[in-house]
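*Asks:* My structure is stored as model28.txt, with compact mmCIF, C-alpha atoms.
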# COMPACT_ATOMS: atom_id res chain seq x y z
CA MET A 62 -9.05 9.20 -51.70
CA ARG A 63 -10.27 12.79 -51.72
CA THR A 64 -7.79 15.56 -50.93
CA ILE A 65 -7.78 18.98 -49.28
CA ALA A 66 -4.89 21.35 -50.06
CA ILE A 67 -3.82 24.06 -47.61
CA VAL A 68 -2.34 27.06 -49.42
CA GLY A 69 -1.55 30.72 -48.74
CA ARG A 70 1.24 33.23 -48.64
CA PRO A 71 4.28 32.51 -46.42
CA ASN A 72 4.11 32.58 -42.62
CA VAL A 73 0.33 32.64 -42.15
CA GLY A 74 0.30 29.38 -40.16
CA LYS A 75 -0.40 26.76 -42.82
CA SER A 76 1.91 24.13 -41.33
CA LEU A 77 0.59 24.68 -37.81
CA LEU A 78 -2.96 24.25 -39.11
CA PHE A 79 -1.87 21.14 -41.05
CA ASN A 80 -0.40 19.63 -37.88
CA LYS A 81 -3.52 20.47 -35.86
CA LEU A 82 -5.86 18.86 -38.40
CA ALA A 83 -3.57 15.84 -38.82
CA GLY A 84 -3.37 15.39 -35.05
CA LYS A 85 0.43 15.07 -35.07
CA ARG A 86 3.48 17.19 -35.76
CA LEU A 87 4.34 16.17 -39.31
CA SER A 88 5.34 19.55 -40.73
CA ILE A 89 8.05 21.82 -39.32
CA VAL A 90 6.66 24.97 -37.71
CA GLU A 91 8.91 28.00 -37.27
CA ASP A 92 8.45 31.78 -37.49
CA THR A 93 10.58 31.91 -40.61
CA PRO A 94 9.01 32.33 -44.08
CA GLY A 95 9.82 29.50 -46.47
CA VAL A 96 10.37 26.71 -43.92
CA THR A 97 7.96 24.36 -45.75
CA ARG A 98 9.23 23.85 -49.29
CA ASP A 99 7.77 20.57 -50.53
CA ARG A 100 4.25 19.19 -50.43
CA LEU A 101 3.45 17.11 -47.34
CA TYR A 102 0.62 14.60 -46.99
CA ALA A 103 -1.36 13.33 -44.02
CA ARG A 104 -4.33 11.03 -43.74
CA CYS A 105 -7.25 12.54 -41.80
CA GLU A 106 -10.77 11.54 -40.77
CA TRP A 107 -13.79 13.74 -40.06
CA ARG A 108 -17.50 12.93 -39.90
CA GLY A 109 -16.77 9.34 -40.85
CA ARG A 110 -14.92 10.27 -44.05
CA THR A 111 -11.23 9.67 -44.66
CA PHE A 112 -9.32 12.09 -46.85
CA SER A 113 -5.78 13.26 -47.59
CA LEU A 114 -4.52 16.62 -46.37
CA ILE A 115 -1.76 18.46 -48.27
CA ASP A 116 0.49 21.11 -46.75
CA THR A 117 2.31 23.39 -49.20
CA GLY A 118 5.00 26.04 -49.14
CA GLY A 119 4.02 29.70 -49.08
CA ILE A 120 2.98 31.24 -52.41
CA GLU A 121 4.70 34.50 -53.35
CA PRO A 122 2.77 35.72 -56.41
CA HIS A 123 5.55 38.04 -57.60
CA THR A 124 9.11 36.80 -57.08
CA ASP A 125 12.24 35.85 -59.02
CA ASP A 126 13.75 33.78 -56.21
CA TYR A 127 14.38 30.19 -57.36
CA MET A 128 13.26 28.57 -54.11
CA LEU A 129 10.08 30.68 -53.87
CA LEU A 130 9.29 29.90 -57.51
CA PHE A 131 9.69 26.18 -56.79
CA MET A 132 7.46 26.46 -53.72
CA ARG A 133 4.80 28.16 -55.84
CA LYS A 134 5.06 25.38 -58.43
CA GLN A 135 4.61 22.75 -55.72
CA ALA A 136 1.55 24.61 -54.43
CA GLU A 137 0.12 24.75 -57.97
CA ILE A 138 0.54 20.97 -58.32
CA ALA A 139 -1.30 20.52 -55.01
CA ILE A 140 -4.09 22.79 -56.25
CA GLU A 141 -4.43 20.75 -59.45
CA THR A 142 -4.78 17.46 -57.55
CA ALA A 143 -7.00 18.74 -54.71
CA ASP A 144 -10.77 18.39 -54.48
CA VAL A 145 -11.11 21.31 -52.04
CA ILE A 146 -8.65 24.14 -51.33
CA VAL A 147 -8.22 25.97 -48.03
CA LEU A 148 -6.76 29.48 -48.39
CA VAL A 149 -5.16 30.46 -45.09
CA CYS A 150 -4.89 34.17 -44.21
CA ASP A 151 -3.59 36.01 -41.14
CA VAL A 152 -6.02 38.16 -39.16
CA LYS A 153 -3.14 39.99 -37.47
CA THR A 154 -1.66 41.35 -40.70
CA GLY A 155 -5.06 41.84 -42.30
CA LEU A 156 -5.99 41.40 -45.95
CA THR A 157 -2.90 41.96 -48.13
CA ALA A 158 -2.39 42.33 -51.86
CA ALA A 159 -0.64 38.93 -51.85
CA ASP A 160 -3.76 37.33 -50.30
CA ALA A 161 -5.90 38.84 -53.07
CA ASP A 162 -3.49 37.62 -55.77
CA VAL A 163 -3.50 34.06 -54.38
CA ALA A 164 -7.31 34.11 -54.14
CA ALA A 165 -7.52 35.21 -57.80
CA MET A 166 -5.21 32.34 -58.78
CA LEU A 167 -7.41 29.87 -56.90
CA GLN A 168 -10.59 31.14 -58.53
CA LYS A 169 -9.06 30.44 -61.94
CA SER A 170 -8.57 26.79 -60.92
CA LYS A 171 -12.40 26.34 -60.78
CA LYS A 172 -11.96 24.30 -57.58
CA PRO A 173 -14.08 24.92 -54.45
CA VAL A 174 -12.18 27.20 -52.05
CA VAL A 175 -12.69 27.86 -48.33
CA ALA A 176 -11.11 30.98 -46.78
CA ALA A 177 -9.66 30.31 -43.30
CA VAL A 178 -8.67 33.37 -41.27
CA ASN A 179 -5.99 32.14 -38.88
CA LYS A 180 -4.62 33.44 -35.56
CA VAL A 181 -8.06 34.22 -34.14
CA ASP A 182 -6.81 32.89 -30.82
CA GLY A 183 -9.27 34.54 -28.45
CA VAL A 184 -12.67 33.19 -27.44
CA GLY A 185 -15.99 34.99 -27.65
CA ALA A 186 -17.15 37.33 -30.39
CA VAL A 187 -15.50 37.14 -33.80
CA PRO A 188 -13.10 40.08 -34.31
CA ALA A 189 -14.34 42.71 -36.76
CA GLU A 190 -11.08 42.27 -38.75
CA VAL A 191 -12.31 38.87 -39.97
CA TYR A 192 -15.07 40.43 -42.05
CA GLU A 193 -12.48 42.25 -44.15
CA PHE A 194 -11.73 38.91 -45.82
CA TYR A 195 -15.15 38.85 -47.50
CA ASN A 196 -13.38 41.03 -50.09
CA LEU A 197 -11.55 37.94 -51.35
CA GLY A 198 -14.78 36.85 -53.06
CA LEU A 199 -14.59 33.31 -51.64
CA GLY A 200 -17.74 33.40 -49.53
CA GLU A 201 -17.90 33.43 -45.75
CA PRO A 202 -14.43 33.43 -44.13
CA ILE A 203 -14.05 30.96 -41.26
CA PRO A 204 -12.11 32.18 -38.21
CA VAL A 205 -9.70 29.54 -36.87
CA SER A 206 -6.87 29.21 -34.40
CA ALA A 207 -4.26 26.73 -35.60
CA LEU A 208 -2.54 27.21 -32.25
CA HIS A 209 -5.49 26.25 -30.05
CA GLY A 210 -7.72 24.40 -32.53
CA HIS A 211 -10.66 26.82 -32.34
CA GLY A 212 -12.82 26.72 -35.46
CA THR A 213 -11.06 23.76 -37.08
CA GLY A 214 -14.23 21.66 -36.86
CA ASP A 215 -16.22 24.36 -38.68
CA LEU A 216 -13.46 24.52 -41.29
CA LEU A 217 -13.57 20.76 -41.94
CA ASP A 218 -17.37 20.83 -42.05
CA ALA A 219 -17.22 23.48 -44.77
CA CYS A 220 -14.62 21.48 -46.72
CA LEU A 221 -16.60 18.23 -46.55
CA ASP A 222 -19.77 20.01 -47.67
CA LEU A 223 -17.92 21.01 -50.86
CA MET A 224 -16.11 17.69 -51.35
CA PRO A 225 -17.38 15.23 -53.98
CA PRO A 226 -18.47 11.76 -52.78
CA ASP A 227 -15.76 9.17 -52.29
CA GLY A 228 -14.93 6.79 -55.11
CA GLU A 229 -14.98 3.02 -54.72
CA ALA A 230 -11.23 2.52 -55.07
CA GLU A 231 -9.43 1.55 -51.91
CA GLU A 232 -5.78 1.61 -51.10
CA SER A 233 -3.88 -1.63 -50.85
CA GLY A 234 -2.91 -2.74 -47.38
CA GLU A 235 0.35 -4.28 -48.62
CA ASP A 236 2.28 -1.08 -49.26
CA ILE A 237 6.03 -1.19 -48.65
CA ARG A 238 7.29 1.95 -46.91
CA VAL A 239 10.74 2.98 -48.18
CA ALA A 240 12.87 5.69 -46.53
CA ILE A 241 15.57 7.25 -48.72
CA ILE A 242 18.31 8.35 -46.31
CA GLY A 243 21.84 9.69 -46.62
CA LYS A 244 24.05 12.66 -45.99
CA PRO A 245 23.38 15.98 -47.78
CA ASN A 246 23.81 16.10 -51.57
CA ALA A 247 23.89 12.32 -51.97
CA GLY A 248 21.08 12.54 -54.54
CA LYS A 249 18.05 11.49 -52.47
CA SER A 250 15.65 14.06 -53.94
CA SER A 251 16.93 13.41 -57.48
CA LEU A 252 16.24 9.70 -57.02
CA LEU A 253 12.67 10.35 -55.88
CA ASN A 254 12.06 12.72 -58.79
CA ILE A 255 13.33 10.30 -61.46
CA ILE A 256 11.31 7.42 -60.00
CA LEU A 257 8.13 9.50 -60.03
CA GLY A 258 8.90 11.12 -63.36
CA ALA A 259 8.16 14.54 -61.87
CA GLU A 260 9.94 17.31 -59.98
CA ARG A 261 8.52 16.24 -56.63
CA SER A 262 11.34 17.45 -54.35
CA VAL A 263 13.63 20.46 -54.57
CA VAL A 264 16.99 19.55 -56.13
CA SER A 265 19.86 21.89 -55.36
CA ASP A 266 23.61 21.78 -54.67
CA VAL A 267 22.93 23.68 -51.44
CA PRO A 268 23.11 21.30 -48.43
CA GLY A 269 19.91 21.28 -46.38
CA THR A 270 17.54 21.97 -49.28
CA THR A 271 15.19 19.15 -48.24
CA ARG A 272 13.84 19.82 -44.74
CA ASP A 273 10.64 17.83 -44.28
CA ALA A 274 10.27 14.11 -44.92
CA VAL A 275 8.40 14.11 -48.25
CA GLU A 276 6.19 11.12 -49.11
CA ASP A 277 4.80 9.89 -52.41
CA ALA A 278 3.50 6.59 -53.75
CA VAL A 279 4.58 4.60 -56.80
CA GLU A 280 3.17 1.35 -58.15
CA ASN A 281 4.90 -1.01 -60.57
CA GLU A 282 5.27 -4.71 -61.34
CA TYR A 283 6.95 -5.28 -57.96
CA GLY A 284 4.11 -3.79 -55.90
CA ARG A 285 3.08 -0.49 -54.36
CA PHE A 286 5.75 1.54 -52.57
CA ILE A 287 5.44 4.60 -50.32
CA LEU A 288 8.69 6.50 -50.87
CA THR A 289 9.93 9.03 -48.31
CA ASP A 290 12.60 11.56 -49.26
CA THR A 291 14.36 12.75 -46.10
CA ALA A 292 16.64 15.58 -45.10
CA GLY A 293 20.37 14.96 -45.37
CA MET A 294 21.98 13.94 -42.09
CA ARG A 295 25.11 15.88 -41.20
CA ARG A 296 27.41 15.49 -38.21
CA LYS A 297 25.89 16.94 -35.05
CA SER A 298 28.61 19.59 -34.90
CA LYS A 299 27.58 20.78 -38.38
CA VAL A 300 23.83 21.04 -37.72
CA ASP A 301 22.74 24.68 -37.72
CA GLY A 302 19.68 25.93 -35.86
CA GLY A 303 16.37 24.45 -34.86
CA ILE A 304 14.99 23.90 -38.37
CA GLU A 305 17.79 21.56 -39.46
CA TYR A 306 17.77 19.82 -36.06
CA TYR A 307 14.09 18.89 -36.45
CA SER A 308 14.69 17.97 -40.12
CA VAL A 309 17.26 15.38 -39.05
CA LEU A 310 14.92 14.08 -36.34
CA ARG A 311 12.24 13.59 -38.99
CA ALA A 312 14.70 11.75 -41.22
CA VAL A 313 15.55 9.37 -38.37
CA ALA A 314 11.84 8.92 -37.58
CA ALA A 315 11.11 8.17 -41.25
CA ALA A 316 13.80 5.47 -41.22
CA GLU A 317 12.34 3.93 -38.08
CA ARG A 318 8.80 3.92 -39.56
CA SER A 319 9.92 2.38 -42.84
CA ASP A 320 9.89 -1.24 -43.95
CA VAL A 321 13.09 -0.83 -46.01
CA CYS A 322 15.78 1.87 -46.11
CA VAL A 323 17.63 2.95 -49.24
CA VAL A 324 20.99 4.33 -48.09
CA MET A 325 22.27 6.81 -50.69
CA ILE A 326 26.06 7.13 -50.99
CA ASP A 327 27.95 9.43 -53.36
CA ALA A 328 30.01 7.05 -55.50
CA GLN A 329 32.46 9.85 -56.36
CA GLU A 330 33.34 10.38 -52.69
CA GLY A 331 33.11 6.75 -51.61
CA VAL A 332 31.93 5.63 -48.18
CA THR A 333 32.67 8.36 -45.63
CA GLU A 334 32.47 8.28 -41.85
CA GLN A 335 29.11 10.08 -42.00
CA ASP A 336 27.78 7.53 -44.53
CA ALA A 337 28.65 4.79 -42.03
CA LYS A 338 26.77 6.64 -39.28
CA VAL A 339 23.68 7.11 -41.47
CA ALA A 340 23.68 3.44 -42.49
CA GLY A 341 24.11 2.56 -38.82
CA ILE A 342 20.80 4.28 -38.02
CA ALA A 343 18.97 1.83 -40.29
CA HIS A 344 20.97 -1.12 -38.96
CA GLU A 345 20.36 -0.29 -35.30
CA ALA A 346 16.65 0.16 -36.03
CA GLY A 347 16.63 -3.38 -37.46
CA LYS A 348 15.63 -2.23 -40.94
CA PRO A 349 16.55 -4.13 -44.09
CA SER A 350 18.58 -1.87 -46.35
CA VAL A 351 19.67 -1.40 -49.93
CA ILE A 352 22.93 0.51 -50.51
CA ALA A 353 22.60 2.77 -53.56
CA LEU A 354 25.93 4.04 -54.93
CA ASN A 355 24.68 7.17 -56.69
CA LYS A 356 26.27 9.43 -59.32
CA TRP A 357 27.66 6.34 -61.04
CA ASP A 358 27.53 8.22 -64.36
CA ALA A 359 30.25 10.60 -63.09
CA VAL A 360 32.66 7.87 -61.95
CA ASP A 361 35.71 6.99 -64.08
CA LYS A 362 35.18 3.29 -64.73
CA ASP A 363 37.11 0.27 -65.88
CA GLU A 364 36.41 -3.47 -65.65
CA HIS A 365 37.33 -3.51 -61.94
CA THR A 366 35.47 -0.38 -60.76
CA VAL A 367 32.26 -2.12 -59.66
CA LYS A 368 34.14 -4.79 -57.71
CA LYS A 369 36.36 -2.19 -56.00
CA SER A 370 33.39 -0.02 -55.05
CA VAL A 371 31.39 -2.95 -53.66
CA ASN A 372 34.44 -4.16 -51.71
CA GLU A 373 34.87 -0.69 -50.20
CA VAL A 374 31.24 -0.76 -49.04
CA ARG A 375 31.71 -4.22 -47.53
CA VAL A 376 34.83 -3.12 -45.63
CA LYS A 377 33.53 0.22 -44.33
CA LEU A 378 30.01 -1.05 -43.66
CA ALA A 379 31.17 -4.41 -42.33
CA TYR A 380 28.34 -4.50 -39.77
CA MET A 381 25.73 -4.84 -42.54
CA PRO A 382 27.03 -7.49 -44.97
CA TYR A 383 23.42 -8.44 -45.75
CA ALA A 384 22.62 -5.21 -47.64
CA PRO A 385 22.67 -5.50 -51.44
CA VAL A 386 24.77 -2.84 -53.24
CA ILE A 387 23.39 -1.30 -56.43
CA CYS A 388 25.14 1.26 -58.63
CA VAL A 389 22.69 3.90 -59.84
CA SER A 390 22.54 7.31 -61.45
CA ALA A 391 19.64 9.44 -60.24
CA LYS A 392 20.57 11.89 -63.00
CA THR A 393 20.29 9.51 -65.97
CA GLY A 394 18.11 6.81 -64.40
CA LYS A 395 20.63 4.04 -65.03
CA GLY A 396 20.35 1.20 -62.51
CA VAL A 397 17.26 2.68 -60.80
CA ASP A 398 15.09 -0.15 -62.17
CA LYS A 399 17.19 -2.61 -60.10
CA LEU A 400 16.18 -0.96 -56.83
CA PHE A 401 12.59 -2.18 -56.66
CA PRO A 402 13.21 -5.94 -56.95
CA ALA A 403 15.92 -5.56 -54.29
CA ILE A 404 13.58 -3.57 -52.02
CA ARG A 405 10.83 -6.15 -52.50
CA GLU A 406 13.21 -9.01 -51.67
CA CYS A 407 14.42 -7.23 -48.53
CA ALA A 408 10.84 -6.61 -47.37
CA GLU A 409 9.93 -10.27 -47.86
CA GLN A 410 13.06 -11.59 -46.12
CA THR A 411 12.60 -9.46 -43.01
CA ARG A 412 9.08 -10.92 -42.54
CA ARG A 413 10.15 -14.57 -42.92
CA ARG A 414 9.31 -17.13 -40.27
CA ILE A 415 11.33 -20.31 -39.69
CA THR A 416 9.87 -23.19 -37.73
CA THR A 417 11.42 -24.39 -34.48
CA GLY A 418 12.00 -27.81 -36.10
CA GLN A 419 14.00 -26.25 -38.93
CA LEU A 420 16.01 -24.14 -36.47
CA ASN A 421 16.90 -27.10 -34.27
CA GLY A 422 17.94 -29.13 -37.31
CA PHE A 423 20.16 -26.22 -38.32
CA LEU A 424 21.52 -25.95 -34.75
CA ALA A 425 22.61 -29.59 -34.65
CA GLU A 426 24.48 -29.17 -37.92
CA ALA A 427 26.09 -25.87 -36.86
CA VAL A 428 27.29 -27.29 -33.53
CA ALA A 429 28.71 -30.39 -35.25
CA ARG A 430 30.61 -28.18 -37.69
CA MET A 431 32.09 -25.95 -34.94
CA GLN A 432 32.12 -27.05 -31.32
CA PRO A 433 30.84 -24.48 -28.77
CA PRO A 434 33.56 -22.84 -26.63
CA SER A 435 34.53 -24.01 -23.14
CA ASP A 436 36.04 -22.32 -20.11
CA LYS A 437 37.93 -24.04 -17.26
CA GLY A 438 36.64 -27.44 -18.30
CA ARG A 439 33.01 -26.35 -18.63
CA ARG A 440 31.62 -26.41 -22.15
CA LEU A 441 28.77 -24.33 -23.54
CA LYS A 442 25.66 -26.39 -24.29
CA ILE A 443 22.94 -24.99 -26.58
CA TYR A 444 19.70 -26.86 -25.96
CA TYR A 445 17.40 -25.44 -28.63
CA MET A 446 16.55 -22.36 -30.68
CA THR A 447 13.26 -20.70 -31.62
CA GLN A 448 12.11 -17.63 -33.53
CA ALA A 449 10.56 -14.90 -31.38
CA GLY A 450 9.54 -12.37 -34.02
CA THR A 451 10.01 -10.81 -37.44
CA ALA A 452 11.03 -7.43 -38.94
CA PRO A 453 13.82 -8.15 -38.29
CA PRO A 454 13.90 -11.93 -37.73
CA HIS A 455 14.59 -12.46 -34.02
CA PHE A 456 15.90 -15.78 -32.71
CA ILE A 457 16.40 -16.98 -29.14
CA ALA A 458 18.97 -19.64 -28.22
CA PHE A 459 18.69 -21.38 -24.83
CA CYS A 460 21.93 -22.61 -23.23
CA ASN A 461 23.38 -23.79 -19.93
CA ASP A 462 25.41 -20.62 -19.16
CA VAL A 463 25.26 -17.30 -21.01
CA ARG A 464 28.77 -16.43 -19.75
CA LEU A 465 30.20 -19.23 -21.91
CA PHE A 466 28.50 -17.86 -25.05
CA HIS A 467 31.44 -15.97 -26.54
CA TYR A 468 30.72 -13.14 -28.99
CA SER A 469 32.63 -14.86 -31.78
CA TYR A 470 30.46 -17.98 -31.49
CA LYS A 471 27.32 -15.86 -31.51
CA ARG A 472 28.49 -14.18 -34.70
CA TYR A 473 29.27 -17.60 -36.19
CA LEU A 474 25.67 -18.73 -35.54
CA GLU A 475 24.24 -15.50 -36.98
CA ASN A 476 26.25 -15.96 -40.16
CA ARG A 477 25.22 -19.63 -40.42
CA ILE A 478 21.54 -18.72 -39.95
CA ARG A 479 21.82 -16.17 -42.74
CA GLU A 480 23.55 -18.61 -45.09
CA THR A 481 21.32 -21.61 -44.32
CA PHE A 482 18.00 -19.81 -44.65
CA SER A 483 19.09 -17.25 -47.28
CA LEU A 484 18.17 -14.27 -45.11
CA THR A 485 19.58 -11.67 -47.49
CA GLY A 486 18.89 -7.98 -47.22
CA THR A 487 17.79 -7.98 -43.59
CA PRO A 488 19.59 -7.80 -40.25
CA ILE A 489 18.84 -10.56 -37.77
CA ARG A 490 18.76 -10.56 -33.98
CA LEU A 491 20.04 -13.43 -31.82
CA THR A 492 19.26 -13.37 -28.09
CA ILE A 493 20.99 -15.75 -25.68
CA ARG A 494 19.17 -17.06 -22.59
CA GLU A 495 19.82 -19.67 -19.96
CA ARG A 496 17.32 -22.52 -19.84
CA GLY A 497 14.67 -21.77 -17.25
CA ASP A 498 15.07 -17.99 -17.68
CA ASP A 499 11.57 -16.71 -18.57
CA LYS A 500 12.48 -13.01 -18.59
Could you write out this file's structure as structure tokens?

*Replies:*
Amino acid sequence: MRTIAIVGRPNVGKSLLFNKLAGKRLSIVEDTPGVTRDRLYARCEWRGRTFSLIDTGGIEPHTDDYMLLFMRKQAEIAIETADVIVLVCDVKTGLTAADADVAAMLQKSKKPVVAAVNKVDGVGAVPAEVYEFYNLGLGEPIPVSALHGHGTGDLLDACLDLMPPDGEAEESGEDIRVAIIGKPNAGKSSLLNIILGAERSVVSDVPGTTRDAVEDAVENEYGRFILTDTAGMRRKSKVDGGIEYYSVLRAVAAAERSDVCVVMIDAQEGVTEQDAKVAGIAHEAGKPSVIALNKWDAVDKDEHTVKKSVNEVRVKLAYMPYAPVICVSAKTGKGVDKLFPAIRECAEQTRRRITTGQLNGFLAEAVARMQPPSDKGRRLKIYYMTQAGTAPPHFIAFCNDVRLFHYSYKRYLENRIRETFSLTGTPIRLTIRERGDDK
């Protein structure tokens, strides 16, 4: 798929333009330089052609700041992989020396470049200030308004005119979307980087370094996976300001959009209350999950360490006994190769369908093993069971009186379903209805 990269100095409106072209709010927009730090991708369509759009952090040509240097490196990677580059400038501040330096850097890349002059929010004649940007040497500047959408069609037309024809390769429709979630500093970005073999996300000991949900694809013997690195989720009382608030919302949204969640837990700290809350987000969303105990290389180990750590996870995350636990080190790469077969298994299990005949055979056996409860001489009768859906597997049991269906017996049936049909890695849903209830 062909790509268009959006670059420019900080705070010229790149992310707002990215969101406008993508048709959805994927990138955080705030009047603070340096909000976007990693590369973000979106799939777009224009004039019958589908292409990938890349948003990048602001480029500061002359800086010694670590974060700004990383943002520039990420932008350079985007430039290398792009077919067309859009240089975004700000008509309100006019042509700056930084704009000229970025334009010179783009010209050295030998890639086609389109100059977009943003914040031309009025209608009518083009402001005279736009013509100043001819001095960049990139041809005719295109006035746009990322806020209102004015001129974005002309901008895409110019990009597509410079874009090479599409290749014949097509993306597989069987991608598995994986959200990497956890509290800050659990090692989510480090895991993504070691899987990809590149410094894809910022890695820092400063909590809140990752802000946007960063996506990238990887393909191996277990299939093709779309990995999403998310912002660390802190307690609500610890969340500072609007930027972090929206970062956490995006992390939750990424988990809900995913097929499988990888819950990162710091093995040195063990399972904390916040870890349980983060894992609960995946569980409540009905997502199959893999628990990754990270920083295993830094743990003092003996022959009982693995068993103790897994037991702690099972006790503190008792509501998700289905999730496999894998000890990994995102720093050294140890154990990371075990993640993908577990993720694949979870994705397959959550899509499983079981026939009504198999379920009713199971039901007869389960009822014979443990009699349903009774109350005041009236016993619960379960007539039959059927599967209503997948992802997660959803079963409906029809009975004579839902009030007799005690929670403990419901949990017994859920556990028996999981054991009988080997539904590992995925939560299951069991709904109780009275016979004749069509709601």

*Asks:* To one decimal place, how far is atom CA of Tyr470 of chain A from atom CA of Pro453 of chain A in Å?

*Replies:*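 Taking atom CA of Tyr470 of chain A as the start and atom CA of Pro453 of chain A as the end point, the length is 20.5 Å.
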
*Asks:* Counting only C-alpha atoms, figure out which residue out of A:His344, A:Arg70, A:Arg439, A:Lys171 gets nearest to Tyr380 of chain A.

*Replies:* A:His344

*Asks:* Atom CA of Asp327 of chain A to atom CA of Lys377 of chain A: how many Å, to one decimal?

*Replies:*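 Distance between the two atoms: 14.1 Å.
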
*Asks:* At most 9 Å from (30.7, -19.2, -24.0), file frame, all atoms listed in the file: which residues, as a PyMOL selection string?

*Replies:* chain A and resi 433-436+440-442+462-468+470-471

*Asks:* Write out as an NGL selection string which residues come within 12 Å of Asp358 of chain A when counting all atoms listed in the file, dropping same-chain ones fewer than 6 positions away.

*Replies:* :A and (327-329 or 388-396)

*Asks:* Which of these residues is nearest to Thr64 of chain A, using only C-alpha atoms: A:Arg496, A:Lys338, A:Lys172, A:Arg479?

*Replies:* A:Lys172

*Asks:* Do you have the atom CA of Gly418 of chain A-atom CA of Gln448 of chain A distance handy?

*Replies:*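 Between these atoms lies a distance of 10.5 Å.
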
*Asks:* Box in all listed atoms of segment 249-253 of chain A, axis-aligned, with 6 Å more on each side; write out centre and edge lengths in Å to one decimal as AutoDock Vina command-line options.

*Replies:*
--center_x 15.4 --center_y 11.9 --center_z -55.0 --size_x 17.4 --size_y 16.4 --size_z 17.0

*Asks:* Leaving out Glu406 of chain A and any residue of its chain fewer than 5 positions from it, which residues lie within 9 Å of it when counting all atoms listed in the file, given as a count of residues only?

*Replies:* 4

*Asks:* Check the smallest atom-to-atom distance from each of A:Gly214, A:Pro225, A:Gly183, A:Gly119 to Ile67 of chain A using all atoms listed in the file, then report the winner.

*Replies:*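 Counting all atoms listed in the file, the residue closest to Ile67 of chain A is A:Gly119.
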
*Asks:* Scan for residues within 6 Å of the point (-16.1, 26.5, -37.3) in the coordinates of the file, using only C-alpha atoms, and reply as a ChimeraX atom specification.

*Replies:* /A:212-216

*Asks:* Excluding Thr366 of chain A and residues on its chain fewer than 5 positions from it, collect all residues at most 12 Å away from it, counting all atoms listed in the file, and give them as an mmCIF file with C-alpha atoms, keeping the file's coordinate frame.

*Replies:*
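And here's around22.cif as it stands now:
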data_model
loop_
_atom_site.group_PDB
_atom_site.id
_atom_site.type_symbol
_atom_site.label_atom_id
_atom_site.label_comp_id
_atom_site.auth_asym_id
_atom_site.auth_seq_id
_atom_site.Cartn_x
_atom_site.Cartn_y
_atom_site.Cartn_z
ATOM 1 C CA ALA A 328 30.010 7.050 -55.500
ATOM 2 C CA GLN A 329 32.460 9.850 -56.360
ATOM 3 C CA GLY A 331 33.110 6.750 -51.610
ATOM 4 C CA TRP A 357 27.660 6.340 -61.040
ATOM 5 C CA VAL A 360 32.660 7.870 -61.950
ATOM 6 C CA ASP A 361 35.710 6.990 -64.080
ATOM 7 C CA VAL A 371 31.390 -2.950 -53.660
ATOM 8 C CA ASN A 372 34.440 -4.160 -51.710
ATOM 9 C CA GLU A 373 34.870 -0.690 -50.200
ATOM 10 C CA CYS A 388 25.140 1.260 -58.630
#

*Asks:* Tell me which of A:Ile326, A:Met446, A:Ala429, A:Val145 sits closest to Thr416 of chain A, counting all atoms listed in the file.

*Replies:*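 Using all atoms listed in the file, Thr416 of chain A sits closest to A:Met446.
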
*Asks:* Can you work out which one of A:Ile242, A:Val279, A:Val178, A:Ala314 has the shortest atom-to-atom distance to Met294 of chain A, counting all atoms listed in the file?

*Replies:* A:Ile242

*Asks:* Using all atoms listed in the file, which residue out of A:Arg472, A:Lys180, A:Arg238, A:Arg405 lies closest to Val152 of chain A?

*Replies:*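 Once distances to Val152 of chain A are computed over all atoms listed in the file, the minimum belongs to A:Lys180.
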